[in-house]
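Peer 1: Got a structure for you, model.txt, holding compact mmCIF, C-alpha atoms.
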```
# COMPACT_ATOMS: atom_id res chain seq x y z
CA MET A 1 -46.83 1.96 0.53
CA THR A 2 -49.20 4.34 2.29
CA LYS A 3 -50.04 3.80 5.93
CA THR A 4 -53.47 2.46 4.95
CA GLU A 5 -51.95 -0.04 2.51
CA GLU A 6 -49.52 -1.11 5.23
CA ILE A 7 -52.37 -1.70 7.63
CA ALA A 8 -54.37 -3.60 5.01
CA GLN A 9 -51.38 -5.84 4.28
CA GLY A 10 -50.94 -6.36 7.99
CA VAL A 11 -54.59 -7.38 8.39
CA LEU A 12 -54.31 -9.91 5.57
CA ALA A 13 -51.17 -11.31 7.20
CA GLY A 14 -53.06 -11.68 10.46
CA ASP A 15 -50.93 -9.11 12.31
CA ARG A 16 -52.77 -8.21 15.52
CA ARG A 17 -51.62 -4.61 15.74
CA SER A 18 -52.78 -3.99 12.17
CA ILE A 19 -56.13 -5.58 12.90
CA ALA A 20 -56.52 -3.37 15.97
CA ARG A 21 -55.53 -0.25 14.06
CA ALA A 22 -57.84 -1.16 11.20
CA ILE A 23 -60.82 -1.51 13.51
CA THR A 24 -60.06 1.92 14.98
CA ILE A 25 -60.04 3.43 11.49
CA ILE A 26 -63.47 1.90 10.89
CA GLU A 27 -64.81 3.07 14.26
CA ASN A 28 -63.73 6.64 13.65
CA ASP A 29 -65.15 6.60 10.15
CA ALA A 30 -61.81 7.98 9.03
CA ALA A 31 -61.19 9.03 5.44
CA GLU A 32 -59.09 5.90 4.89
CA ALA A 33 -61.90 3.55 5.92
CA PRO A 34 -63.46 2.94 2.47
CA LYS A 35 -60.07 2.26 0.92
CA LEU A 36 -59.15 -0.08 3.74
CA ILE A 37 -62.35 -2.08 3.33
CA ALA A 38 -61.91 -2.18 -0.42
CA SER A 39 -58.43 -3.67 0.04
CA ILE A 40 -59.50 -6.47 2.35
CA TYR A 41 -62.98 -7.18 1.00
CA PRO A 42 -61.88 -9.83 -1.53
CA ARG A 43 -60.53 -11.91 1.34
CA THR A 44 -63.73 -11.88 3.42
CA GLY A 45 -66.47 -14.51 3.40
CA ASN A 46 -64.56 -17.36 5.06
CA ALA A 47 -65.45 -16.84 8.70
CA HIS A 48 -68.58 -18.15 10.36
CA VAL A 49 -70.15 -15.01 11.84
CA ILE A 50 -72.19 -15.70 14.95
CA GLY A 51 -74.31 -13.08 16.73
CA LEU A 52 -75.17 -13.55 20.36
CA THR A 53 -77.91 -11.52 21.93
CA GLY A 54 -79.95 -11.67 25.09
CA PRO A 55 -80.85 -9.77 28.22
CA SER A 56 -78.21 -8.78 30.77
CA GLY A 57 -78.01 -11.36 33.48
CA SER A 58 -78.40 -14.19 30.98
CA GLY A 59 -74.68 -14.94 31.28
CA LYS A 60 -73.79 -14.06 27.68
CA SER A 61 -70.18 -13.11 28.30
CA THR A 62 -69.47 -16.14 30.47
CA LEU A 63 -71.05 -18.40 27.87
CA ILE A 64 -69.10 -16.76 25.07
CA GLU A 65 -65.87 -17.37 26.94
CA LYS A 66 -66.72 -21.07 27.17
CA ILE A 67 -67.72 -21.20 23.50
CA VAL A 68 -64.42 -19.61 22.49
CA ARG A 69 -62.49 -22.13 24.60
CA GLU A 70 -64.36 -25.02 22.99
CA TYR A 71 -63.64 -23.70 19.49
CA ARG A 72 -59.99 -23.31 20.43
CA ARG A 73 -59.92 -26.90 21.63
CA ARG A 74 -61.12 -27.83 18.14
CA GLY A 75 -58.30 -25.87 16.57
CA LYS A 76 -60.26 -22.85 15.34
CA THR A 77 -59.23 -19.22 15.66
CA VAL A 78 -61.80 -16.79 16.99
CA GLY A 79 -62.50 -13.07 16.87
CA VAL A 80 -64.93 -11.50 19.33
CA VAL A 81 -66.57 -8.08 19.04
CA ALA A 82 -68.27 -7.20 22.33
CA VAL A 83 -70.64 -4.26 22.06
CA ASP A 84 -71.81 -2.11 24.96
CA PRO A 85 -74.01 0.99 24.97
CA THR A 86 -72.76 4.56 24.70
CA SER A 87 -74.38 6.97 27.12
CA PRO A 88 -76.63 9.30 25.16
CA PHE A 89 -75.86 12.05 27.67
CA THR A 90 -72.09 11.91 28.08
CA GLY A 91 -71.06 10.15 24.88
CA GLY A 92 -68.85 7.85 26.96
CA ALA A 93 -69.06 4.12 27.56
CA PHE A 94 -67.97 1.53 30.10
CA LEU A 95 -66.86 -1.54 28.18
CA GLY A 96 -66.76 -4.39 30.64
CA ASP A 97 -67.47 -7.51 28.57
CA ARG A 98 -63.77 -8.38 28.51
CA ILE A 99 -63.72 -8.97 32.24
CA ARG A 100 -65.23 -12.42 31.80
CA MET A 101 -62.90 -13.24 28.92
CA GLN A 102 -59.60 -11.89 30.14
CA GLU A 103 -57.91 -15.27 30.51
CA LEU A 104 -58.17 -15.54 26.73
CA SER A 105 -56.38 -12.26 26.05
CA THR A 106 -52.95 -13.84 25.71
CA ASP A 107 -54.16 -16.69 23.48
CA GLN A 108 -52.75 -15.77 20.08
CA GLY A 109 -55.64 -17.56 18.38
CA VAL A 110 -58.20 -15.21 19.94
CA PHE A 111 -58.78 -11.52 19.23
CA ILE A 112 -61.20 -9.62 21.45
CA ARG A 113 -62.37 -6.08 20.74
CA SER A 114 -64.72 -4.07 22.91
CA MET A 115 -66.88 -1.63 21.01
CA ALA A 116 -69.29 1.13 22.06
CA THR A 117 -72.50 1.63 20.10
CA ARG A 118 -71.78 5.37 19.73
CA ASN A 119 -75.56 5.72 19.74
CA TYR A 120 -76.18 3.56 16.70
CA PRO A 121 -79.51 1.81 17.31
CA GLY A 122 -80.44 -1.86 17.45
CA GLY A 123 -77.76 -3.38 19.68
CA ILE A 124 -74.61 -3.10 17.58
CA ALA A 125 -72.33 -0.27 16.49
CA LYS A 126 -72.17 1.19 13.00
CA ALA A 127 -68.60 -0.07 12.87
CA THR A 128 -69.50 -3.62 13.83
CA ARG A 129 -70.21 -4.90 10.34
CA ASP A 130 -66.91 -3.70 8.85
CA SER A 131 -64.96 -4.72 11.95
CA VAL A 132 -66.27 -8.25 11.45
CA LYS A 133 -64.92 -8.06 7.90
CA ILE A 134 -61.50 -7.06 9.24
CA LEU A 135 -61.40 -10.06 11.59
CA ASP A 136 -62.64 -12.31 8.77
CA ALA A 137 -59.96 -11.08 6.36
CA GLY A 138 -57.44 -11.34 9.19
CA GLY A 139 -57.94 -15.09 9.13
CA LYS A 140 -60.34 -15.80 11.97
CA ASP A 141 -62.37 -18.99 11.44
CA ILE A 142 -65.14 -17.78 13.72
CA VAL A 143 -66.20 -14.21 14.45
CA MET A 144 -68.60 -13.73 17.36
CA VAL A 145 -70.52 -10.53 17.97
CA GLU A 146 -71.95 -9.96 21.42
CA THR A 147 -74.68 -7.35 21.26
CA VAL A 148 -75.83 -4.89 23.87
CA GLY A 149 -77.75 -6.63 26.57
CA ALA A 150 -81.44 -5.86 26.32
CA GLY A 151 -82.27 -8.58 23.81
CA GLN A 152 -85.74 -7.22 23.23
CA SER A 153 -85.30 -5.31 20.03
CA GLU A 154 -81.72 -5.95 19.07
CA VAL A 155 -82.47 -7.10 15.55
CA GLU A 156 -79.72 -5.20 13.75
CA ILE A 157 -77.53 -8.23 14.40
CA ILE A 158 -79.26 -10.01 11.52
CA LYS A 159 -77.52 -7.63 9.12
CA VAL A 160 -74.15 -8.73 10.44
CA ALA A 161 -74.40 -12.34 11.62
CA GLN A 162 -75.04 -15.55 9.71
CA THR A 163 -76.15 -17.44 12.81
CA VAL A 164 -78.07 -15.63 15.54
CA VAL A 165 -78.12 -17.12 19.01
CA LEU A 166 -80.61 -15.83 21.56
CA ILE A 167 -79.50 -16.47 25.11
CA HIS A 168 -81.96 -16.30 27.97
CA ALA A 169 -82.03 -17.51 31.57
CA PRO A 170 -84.77 -18.46 33.99
CA GLY A 171 -85.95 -15.95 36.55
CA LEU A 172 -84.59 -12.80 34.94
CA GLY A 173 -87.75 -10.84 35.38
CA ASP A 174 -88.40 -10.56 31.65
CA GLU A 175 -90.92 -13.16 30.75
CA ILE A 176 -89.96 -15.26 27.76
CA GLN A 177 -93.25 -14.11 26.25
CA ALA A 178 -91.89 -10.58 26.35
CA ILE A 179 -89.30 -11.41 23.71
CA LYS A 180 -90.41 -9.26 20.84
CA ALA A 181 -91.65 -10.99 17.71
CA GLY A 182 -88.78 -9.71 15.57
CA LEU A 183 -86.15 -11.26 17.79
CA MET A 184 -88.00 -14.58 17.93
CA GLU A 185 -88.00 -14.69 14.14
CA ILE A 186 -84.33 -13.99 13.61
CA ALA A 187 -82.93 -16.38 16.22
CA ASP A 188 -81.48 -19.54 14.69
CA ILE A 189 -80.63 -21.12 18.04
CA PHE A 190 -82.19 -20.54 21.46
CA VAL A 191 -80.13 -21.12 24.57
CA ILE A 192 -81.44 -21.28 28.10
CA ASN A 193 -78.35 -20.59 30.19
CA LYS A 194 -78.15 -21.05 33.97
CA ALA A 195 -80.10 -24.23 33.26
CA ASP A 196 -79.27 -25.53 36.72
CA ARG A 197 -81.77 -23.03 38.10
CA GLU A 198 -85.39 -23.70 38.89
CA ASN A 199 -87.79 -23.12 36.02
CA ALA A 200 -85.23 -23.86 33.33
CA ASP A 201 -87.52 -26.49 31.85
CA LYS A 202 -90.45 -24.10 31.99
CA ALA A 203 -88.40 -21.53 30.08
CA VAL A 204 -87.68 -24.14 27.40
CA MET A 205 -91.39 -24.99 27.15
CA ASP A 206 -92.34 -21.31 26.95
CA ILE A 207 -90.09 -20.88 23.92
CA GLN A 208 -91.35 -24.10 22.36
CA ALA A 209 -94.89 -22.81 22.70
CA ILE A 210 -94.08 -19.58 20.93
CA LEU A 211 -92.15 -21.35 18.16
CA GLN A 212 -95.05 -23.72 17.54
CA LEU A 213 -97.35 -20.79 16.85
CA ASP A 214 -95.36 -20.28 13.69
CA ASP A 215 -96.64 -23.14 11.58
CA LYS A 216 -94.75 -22.24 8.41
CA GLU A 217 -92.71 -25.05 6.93
CA LYS A 218 -89.19 -24.21 7.96
CA ALA A 219 -86.05 -25.68 6.47
CA TRP A 220 -84.14 -25.08 9.71
CA LYS A 221 -85.71 -26.48 12.86
CA THR A 222 -84.79 -23.93 15.52
CA PRO A 223 -83.31 -25.83 18.45
CA ILE A 224 -83.61 -24.88 22.11
CA LEU A 225 -80.52 -25.81 24.10
CA LYS A 226 -79.71 -25.74 27.80
CA THR A 227 -76.35 -24.64 29.12
CA VAL A 228 -74.67 -23.90 32.41
CA ALA A 229 -71.97 -21.43 31.38
CA LEU A 230 -70.19 -21.50 34.71
CA THR A 231 -69.41 -25.20 34.40
CA GLY A 232 -69.38 -25.42 30.61
CA GLU A 233 -72.19 -27.94 30.60
CA GLY A 234 -74.04 -28.01 27.28
CA VAL A 235 -71.37 -26.04 25.44
CA PRO A 236 -70.05 -28.87 23.23
CA GLN A 237 -73.64 -29.53 22.12
CA LEU A 238 -74.06 -25.84 21.37
CA ILE A 239 -70.94 -25.90 19.19
CA GLU A 240 -72.35 -28.92 17.35
CA LYS A 241 -75.52 -26.96 16.62
CA LEU A 242 -73.51 -23.94 15.50
CA GLU A 243 -71.52 -26.14 13.12
CA GLU A 244 -74.74 -27.75 11.89
CA HIS A 245 -76.22 -24.34 11.16
CA ARG A 246 -73.10 -23.34 9.36
CA ARG A 247 -73.41 -26.36 7.06
CA PHE A 248 -77.07 -25.57 6.51
CA LEU A 249 -76.16 -22.05 5.52
CA GLU A 250 -73.60 -23.17 3.04
CA LYS A 251 -76.48 -24.17 0.86
CA GLU A 252 -78.94 -22.09 -1.16
CA ILE A 253 -80.38 -20.07 1.69
CA GLU A 254 -77.13 -18.36 2.61
CA ARG A 255 -76.74 -17.16 -0.92
CA ARG A 256 -80.13 -15.51 -0.61
CA LYS A 257 -79.37 -13.87 2.72
CA SER A 258 -76.05 -12.59 1.44
CA LEU A 259 -77.92 -10.94 -1.38
CA VAL A 260 -80.24 -9.25 1.11
CA ARG A 261 -77.30 -8.18 3.26
CA ALA A 262 -75.42 -6.81 0.26
CA GLU A 263 -78.54 -5.01 -0.91
CA ALA A 264 -79.12 -3.48 2.51
CA GLU A 265 -75.52 -2.39 2.71
CA LEU A 266 -75.51 -0.84 -0.75
CA ILE A 267 -78.76 1.04 -0.19
CA GLU A 268 -77.54 2.30 3.17
CA ALA A 269 -74.28 3.48 1.61
CA ILE A 270 -76.09 5.30 -1.19
CA LYS A 271 -78.51 6.94 1.24
CA GLU A 272 -75.70 8.08 3.51
CA LYS A 273 -73.56 9.52 0.72
CA ALA A 274 -76.53 11.23 -0.95
CA ALA A 275 -77.64 12.77 2.34
CA ASN A 276 -74.13 13.87 3.24
CA SER A 277 -73.51 15.47 -0.14
CA VAL A 278 -76.74 17.50 0.03
CA ILE A 279 -76.17 18.54 3.66
CA GLU A 280 -72.51 19.45 3.16
CA GLU A 281 -73.42 21.66 0.21
CA LEU A 282 -76.09 23.43 2.29
CA ARG A 283 -73.68 24.02 5.15
CA ARG A 284 -71.03 25.33 2.78
CA GLU A 285 -73.54 27.76 1.24
CA GLY A 286 -74.63 28.81 4.72
CA LYS A 287 -78.22 27.78 4.01
CA PHE A 288 -78.57 25.04 6.61
CA GLU A 289 -79.17 27.35 9.58
CA GLU A 290 -81.64 29.39 7.53
CA LEU A 291 -83.73 26.31 6.79
CA LEU A 292 -83.64 25.26 10.45
CA GLN A 293 -85.01 28.63 11.46
CA LYS A 294 -87.85 28.35 8.93
CA ILE A 295 -88.74 24.95 10.37
CA LEU A 296 -88.65 26.25 13.96
CA LYS A 297 -90.92 29.13 12.98
CA LYS A 298 -93.27 26.52 11.47
CA GLU A 299 -93.08 28.25 8.10
CA VAL A 300 -92.33 24.89 6.51
CA ASP A 301 -92.14 21.23 7.57
CA PRO A 302 -88.95 19.14 7.30
CA ALA A 303 -90.33 16.72 4.72
CA SER A 304 -91.20 19.54 2.31
CA VAL A 305 -87.73 21.02 2.77
CA ALA A 306 -86.14 17.68 1.94
CA GLU A 307 -88.44 17.21 -1.07
CA LYS A 308 -87.50 20.61 -2.48
CA LEU A 309 -83.77 20.08 -1.93
CA LEU A 310 -83.74 16.67 -3.60
CA HIS A 311 -85.85 17.93 -6.49
CA LYS A 312 -83.30 20.65 -7.03
CA LYS A 313 -80.34 18.32 -6.66
CA PHE A 314 -81.53 15.47 -8.82
CA LYS A 315 -83.93 17.37 -11.09
CA LYS A 316 -86.49 14.59 -11.01
CA THR A 317 -90.09 14.68 -9.74
CA MET B 1 -69.03 13.32 7.58
CA GLN B 2 -68.79 13.77 11.34
CA THR B 3 -65.78 12.11 12.88
CA THR B 4 -66.73 10.18 15.94
CA ARG B 5 -63.22 9.95 17.36
CA LYS B 6 -63.33 8.94 21.01
CA ILE B 7 -60.56 8.59 23.55
CA ARG B 8 -60.20 4.92 24.45
CA VAL B 9 -58.82 4.23 27.90
CA LEU B 10 -57.76 0.93 29.44
CA ILE B 11 -58.09 0.76 33.20
CA ALA B 12 -56.01 -2.17 34.35
CA LYS B 13 -55.38 -3.89 37.67
CA PRO B 14 -51.95 -5.52 37.65
CA GLY B 15 -51.05 -7.77 40.55
CA LEU B 16 -53.09 -9.36 43.26
CA ASP B 17 -55.29 -6.56 44.62
CA SER B 18 -58.48 -7.87 46.13
CA HIS B 19 -60.74 -4.94 45.35
CA ASP B 20 -61.21 -2.41 42.59
CA ARG B 21 -63.36 0.33 44.08
CA GLY B 22 -60.90 3.09 43.14
CA ALA B 23 -60.32 1.78 39.65
CA LYS B 24 -64.06 1.65 39.01
CA ILE B 25 -64.54 5.22 40.29
CA VAL B 26 -61.93 6.45 37.87
CA ALA B 27 -63.40 4.33 35.07
CA ARG B 28 -66.87 5.79 35.62
CA ALA B 29 -65.53 9.35 35.81
CA LEU B 30 -63.73 8.96 32.50
CA ARG B 31 -66.86 7.48 30.96
CA ASP B 32 -68.88 10.45 32.19
CA ALA B 33 -66.27 12.68 30.58
CA GLY B 34 -67.15 11.10 27.23
CA MET B 35 -64.42 8.47 26.95
CA GLU B 36 -64.70 4.79 26.11
CA VAL B 37 -63.28 2.88 29.05
CA ILE B 38 -62.23 -0.75 28.87
CA TYR B 39 -61.84 -2.36 32.26
CA THR B 40 -59.88 -5.58 32.66
CA GLY B 41 -61.08 -6.79 36.05
CA LEU B 42 -58.76 -7.90 38.84
CA ARG B 43 -55.50 -9.85 38.84
CA GLN B 44 -53.98 -9.02 35.49
CA THR B 45 -50.49 -9.99 34.44
CA PRO B 46 -48.35 -7.48 32.52
CA GLU B 47 -48.75 -9.70 29.45
CA GLN B 48 -52.53 -9.63 29.68
CA ILE B 49 -52.56 -5.86 30.13
CA VAL B 50 -50.32 -5.13 27.16
CA GLU B 51 -52.09 -7.62 24.91
CA THR B 52 -55.42 -6.01 25.83
CA ALA B 53 -54.05 -2.53 25.14
CA LEU B 54 -52.92 -3.73 21.73
CA GLN B 55 -56.19 -5.40 20.72
CA GLU B 56 -58.26 -2.49 21.99
CA ASP B 57 -55.91 0.05 20.36
CA VAL B 58 -56.19 2.33 23.37
CA ASP B 59 -54.90 5.89 23.62
CA VAL B 60 -54.44 5.77 27.39
CA ILE B 61 -53.65 3.17 30.04
CA GLY B 62 -54.43 3.72 33.72
CA LEU B 63 -52.71 1.27 36.05
CA SER B 64 -54.35 0.83 39.43
CA ILE B 65 -52.34 -0.93 42.11
CA LEU B 66 -52.80 -1.20 45.85
CA SER B 67 -50.59 -4.08 46.86
CA GLY B 68 -47.18 -2.44 46.58
CA ALA B 69 -46.02 -4.62 43.71
CA HIS B 70 -45.60 -1.59 41.42
CA LYS B 71 -41.82 -1.79 41.53
CA ALA B 72 -41.90 -5.25 40.03
CA LEU B 73 -44.82 -4.85 37.67
CA PHE B 74 -44.52 -1.34 36.21
CA PRO B 75 -41.10 -1.81 34.59
CA ARG B 76 -42.29 -5.09 33.03
CA ILE B 77 -45.43 -3.43 31.66
CA MET B 78 -43.51 -0.50 30.16
CA GLU B 79 -40.98 -2.92 28.66
CA LEU B 80 -43.72 -5.00 27.01
CA LEU B 81 -45.45 -1.89 25.66
CA LYS B 82 -42.20 -0.91 24.00
CA GLU B 83 -41.65 -4.41 22.61
CA ARG B 84 -45.11 -4.48 21.04
CA GLY B 85 -44.66 -1.04 19.50
CA LEU B 86 -47.18 0.70 21.75
CA THR B 87 -44.95 3.70 22.38
CA ASP B 88 -47.57 6.34 21.64
CA VAL B 89 -49.85 5.45 24.54
CA LEU B 90 -50.30 7.76 27.55
CA VAL B 91 -49.74 5.80 30.77
CA PHE B 92 -50.73 6.98 34.22
CA ALA B 93 -50.93 5.17 37.54
CA GLY B 94 -52.88 5.34 40.75
CA GLY B 95 -53.55 3.60 44.03
CA ILE B 96 -51.15 3.11 46.93
CA ILE B 97 -47.76 4.22 45.63
CA PRO B 98 -45.26 5.80 48.08
CA GLU B 99 -44.04 9.29 47.16
CA GLU B 100 -40.41 8.27 47.17
CA ASP B 101 -41.07 5.77 44.37
CA ILE B 102 -42.68 8.35 42.10
CA PRO B 103 -39.54 9.78 40.39
CA GLU B 104 -38.38 6.27 39.46
CA ILE B 105 -41.80 5.40 38.06
CA LYS B 106 -41.94 8.59 36.01
CA LYS B 107 -38.56 7.70 34.54
CA LEU B 108 -40.13 4.53 33.14
CA GLY B 109 -42.39 6.75 31.04
CA ILE B 110 -45.44 6.82 33.27
CA LYS B 111 -46.74 10.36 33.01
CA GLN B 112 -48.48 10.95 36.30
CA ILE B 113 -49.22 9.16 39.54
CA PHE B 114 -52.52 9.90 41.29
CA GLY B 115 -52.66 9.03 44.98
CA PRO B 116 -55.75 8.30 47.04
CA GLY B 117 -58.07 11.29 47.30
CA THR B 118 -57.12 12.76 43.92
CA SER B 119 -60.12 14.41 42.35
CA THR B 120 -61.33 12.70 39.23
CA GLU B 121 -61.37 16.12 37.52
CA LYS B 122 -57.60 16.19 37.85
CA ILE B 123 -57.26 12.82 36.18
CA ILE B 124 -59.62 13.81 33.37
CA GLU B 125 -57.64 17.01 32.86
CA CYS B 126 -54.37 15.08 32.70
CA VAL B 127 -55.77 12.72 30.10
CA LEU B 128 -57.23 15.47 27.92
CA GLU B 129 -54.02 17.47 28.03
CA ASN B 130 -51.65 14.60 27.34
CA VAL B 131 -53.52 12.14 25.16
CA PRO B 132 -51.43 11.60 22.02
CA LYS B 133 -53.00 13.11 18.93
CA ARG B 134 -53.30 10.48 16.25
CA ALA B 135 -53.14 11.39 12.59
```
Is it possible to express this structure as structure tokens?
Peer 2:
Amino acid sequence: MTKTEEIAQGVLAGDRRSIARAITIIENDAAEAPKLIASIYPRTGNAHVIGLTGPSGSGKSTLIEKIVREYRRRGKTVGVVAVDPTSPFTGGAFLGDRIRMQELSTDQGVFIRSMATRNYPGGIAKATRDSVKILDAGGKDIVMVETVGAGQSEVEIIKVAQTVVLIHAPGLGDEIQAIKAGLMEIADIFVINKADRENADKAVMDIQAILQLDDKEKAWKTPILKTVALTGEGVPQLIEKLEEHRRFLEKEIERRKSLVRAEAELIEAIKEKAANSVIEELRREGKFEELLQKILKKEVDPASVAEKLLHKKFKKT
Amino acid sequence: MQTTRKIRVLIAKPGLDSHDRGAKIVARALRDAGMEVIYTGLRQTPEQIVETALQEDVDVIGLSILSGAHKALFPRIMELLKERGLTDVLVFAGGIIPEEDIPEIKKLGIKQIFGPGTSTEKIIECVLENVPKRA
């Protein structure tokens, strides 16, 4: 058995070291990554994948810790991928989401992985989607993805999660109204955390007002819940809603979303491989630098360059 | 395809230290040097530290300890790392560790001990020079 096959077998057996190693392979986009995913892919699709997004200061990590504990009480196993931003200047990252969850690190039913965005946009890392698959194939009943904090435009999570939870808190300085339209549309559950604070009820009403503007007939009535993560208040009700949404998804609509997700993934994969094959060829032939110079000298624009290259490569108009 | 291989470092605080100023300075310096740094927070048991290192698949572990409990905790940590098969991880330590204890600690497999006042450049250098190369 090759090392990759060994790791794949380990993942499917739920071995934690294999799962960890597998996620690293995905993160580094190593040559073995496609084969690894191919090996475990048939065993994915069982986990409930939940995305949690929201501004920093909303208490996401603390709430997630309570949610994990509640799921554990109900006998479920949980994987958590906690994403933090990579510095665009240094390429490094400080991954501190674990701090609030460290008591769970020795629970064998919980697997927590901190992940840096490595400058991938939209709140998650490029590796997040496939890492979720690893945890799914590794037997986790629930996989939770905590996105980077800003919560304003982190809509990439929709490509990864089945249930999207938007967590906010009163008095954070961002007005609820500032939540960008895209994020409002993709959230399946709204949570006002730190609900013991003043203005919690106002925050709930603000969201209700925005949701009512959308008068389309919706099959899923987006709930707004209140929690106090520090005490755990409201968490069992949140789990109930998460379970309810999961049941809702198990019907027709999930099949449609999966199709969209699969389509997006396939198109992205084709785009990436096509681009890479053209660019690698250019670099090998030493032509890449030449074209860059032409662009800098304004002799030609990038779009025309790309057009010409693709025309040559695929011989179609 | 560009490999985006990054050095992943776990900065851990075993024992009952009440503050983590030093650990955070080192963590930030390593981040600014382009590494991905996972920080555990205070009051970690050896079991928590090793389990975290395993899940995060780190290349390096930095143990920060001020309370003098290194003699009890370091051997336990190194033993657990071995048990879990994490033998290819670079381990260094820092904080308040008396000079006379250093040879014993190095014998456990801890590569370097950085006392108070060590420049962060030195730590970065040590990591870059000694981080195990993975296939």
Peer 1: One decimal, in Å: what's the spacing between atom CA of Leu12 of chain A and atom CA of Gly138 of chain A?
Peer 2: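 Separating atom CA of Leu12 of chain A from atom CA of Gly138 of chain A is a distance of 5.0 Å.
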Peer 1: Which residue gives the smallest distance to Ile61 of chain B among B:Ile97, B:Leu16, B:Ala33, B:Val127, with only C-alpha atoms counted?
Peer 2: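 Selected residue with least distance to Ile61 of chain B: B:Val127.
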Peer 1: Considering only C-alpha atoms, tabulate each residue of segment 23-62 of chain B that lies at most 9 Å from segment 88-95 of chain B along with its nearest interatomic pair and the corresponding distance in Å to one decimal; arrange the rows by chain and ascending residue number and present them as CSV.
Peer 2:
```
residue,atom,partner,partner_atom,distance
B:Ala23,CA,B:Gly95,CA,8.3
B:Val58,CA,B:Val89,CA,7.2
B:Asp59,CA,B:Val89,CA,5.2
B:Val60,CA,B:Leu90,CA,4.6
B:Ile61,CA,B:Val91,CA,4.8
B:Gly62,CA,B:Phe92,CA,5.0
```
Peer 1: Rounded to one decimal in Å, what is the spacing between atom CA of Leu183 of chain A and atom CA of Val160 of chain A?
Peer 2: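 Atom CA of Val160 of chain A lies 14.3 Å from atom CA of Leu183 of chain A.
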Peer 1: Pick the closest to chain A from B:Val9, B:Glu125, B:Pro46, B:Arg31: which is it, counting only C-alpha atoms?
Peer 2: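 Looking at the shortest contact to chain A, the residue is B:Arg31.
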Peer 1: Considering only C-alpha atoms, extract the chain B residues located within 6 Å of chain A and return them as a PDB file with C-alpha atoms, in the coordinates of the input.
Peer 2:
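And here's iface37.pdb as it stands now:
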```
ATOM      1  CA  THR B   3     -65.780  12.110  12.880  1.00  0.00           C
ATOM      2  CA  THR B   4     -66.730  10.180  15.940  1.00  0.00           C
ATOM      3  CA  ARG B   5     -63.220   9.950  17.360  1.00  0.00           C
ATOM      4  CA  ARG B  31     -66.860   7.480  30.960  1.00  0.00           C
ATOM      5  CA  ASP B  32     -68.880  10.450  32.190  1.00  0.00           C
ATOM      6  CA  GLY B  34     -67.150  11.100  27.230  1.00  0.00           C
ATOM      7  CA  MET B  35     -64.420   8.470  26.950  1.00  0.00           C
ATOM      8  CA  GLU B  36     -64.700   4.790  26.110  1.00  0.00           C
ATOM      9  CA  VAL B  37     -63.280   2.880  29.050  1.00  0.00           C
ATOM     10  CA  ILE B  38     -62.230  -0.750  28.870  1.00  0.00           C
ATOM     11  CA  TYR B  39     -61.840  -2.360  32.260  1.00  0.00           C
ATOM     12  CA  THR B  40     -59.880  -5.580  32.660  1.00  0.00           C
ATOM     13  CA  GLY B  41     -61.080  -6.790  36.050  1.00  0.00           C
ATOM     14  CA  GLN B  48     -52.530  -9.630  29.680  1.00  0.00           C
ATOM     15  CA  GLN B  55     -56.190  -5.400  20.720  1.00  0.00           C
ATOM     16  CA  GLU B  56     -58.260  -2.490  21.990  1.00  0.00           C
ATOM     17  CA  ASP B  57     -55.910   0.050  20.360  1.00  0.00           C
TER      18      ASP B  57
END
```
Peer 1: Using atom CA of Val11 of chain A and atom CA of Pro42 of chain A as the two end points, give the distance in Å to one decimal.
Peer 2: 12.6 Å
Peer 1: Can you tell me, as a PyMOL selection string, which residues sit within 12 Å of (-56.0, -25.4, 16.8) in the file's frame, using only C-alpha atoms?
Peer 2: chain A and resi 68-78+107-110+140-141
Peer 1: Atoms to include: C-alpha atoms. Write the selected residues as a CSV table (one decimal), in the frame of the given file.
Peer 2:
```
chain,number,residue,atom,x,y,z
A,68,VAL,CA,-64.4,-19.6,22.5
A,69,ARG,CA,-62.5,-22.1,24.6
A,70,GLU,CA,-64.4,-25.0,23.0
A,71,TYR,CA,-63.6,-23.7,19.5
A,72,ARG,CA,-60.0,-23.3,20.4
A,73,ARG,CA,-59.9,-26.9,21.6
A,74,ARG,CA,-61.1,-27.8,18.1
A,75,GLY,CA,-58.3,-25.9,16.6
A,76,LYS,CA,-60.3,-22.8,15.3
A,77,THR,CA,-59.2,-19.2,15.7
A,78,VAL,CA,-61.8,-16.8,17.0
A,107,ASP,CA,-54.2,-16.7,23.5
A,108,GLN,CA,-52.8,-15.8,20.1
A,109,GLY,CA,-55.6,-17.6,18.4
A,110,VAL,CA,-58.2,-15.2,19.9
A,140,LYS,CA,-60.3,-15.8,12.0
A,141,ASP,CA,-62.4,-19.0,11.4
```
Peer 1: Please provide as a PyMOL selection string all residues within 9 Å of Glu198 of chain A, with the sequence filter that same-chain residues fewer than 4 positions apart are discarded (counting all atoms listed in the file).
Peer 2: chain A and resi 170-171+202
Peer 1: Filtering to C-alpha atoms, could you give me those residues as a CSV table (one decimal), in the frame of the given file?
Peer 2:
```csv
chain,number,residue,atom,x,y,z
A,170,PRO,CA,-84.8,-18.5,34.0
A,171,GLY,CA,-86.0,-16.0,36.6
A,202,LYS,CA,-90.4,-24.1,32.0
```
Peer 1: Which residue, B:His19, B:Gly115, B:Ile77, B:Leu86, has the smallest gap to Glu99 of chain B when you use all atoms listed in the file?
Peer 2: B:Gly115
Peer 1: At a cut-off of 10 Å, using all atoms listed in the file, what residues contact segment 163-169 of chain A? Leave out same-chain residues fewer than 6 positions from it and give the result as a ChimeraX atom specification.
Peer 2: /A:48-60,63,144-146,151,155,157,175-176,179,183-184,186-197,199-200,203-204,224-228,238,242-243,245-246,249
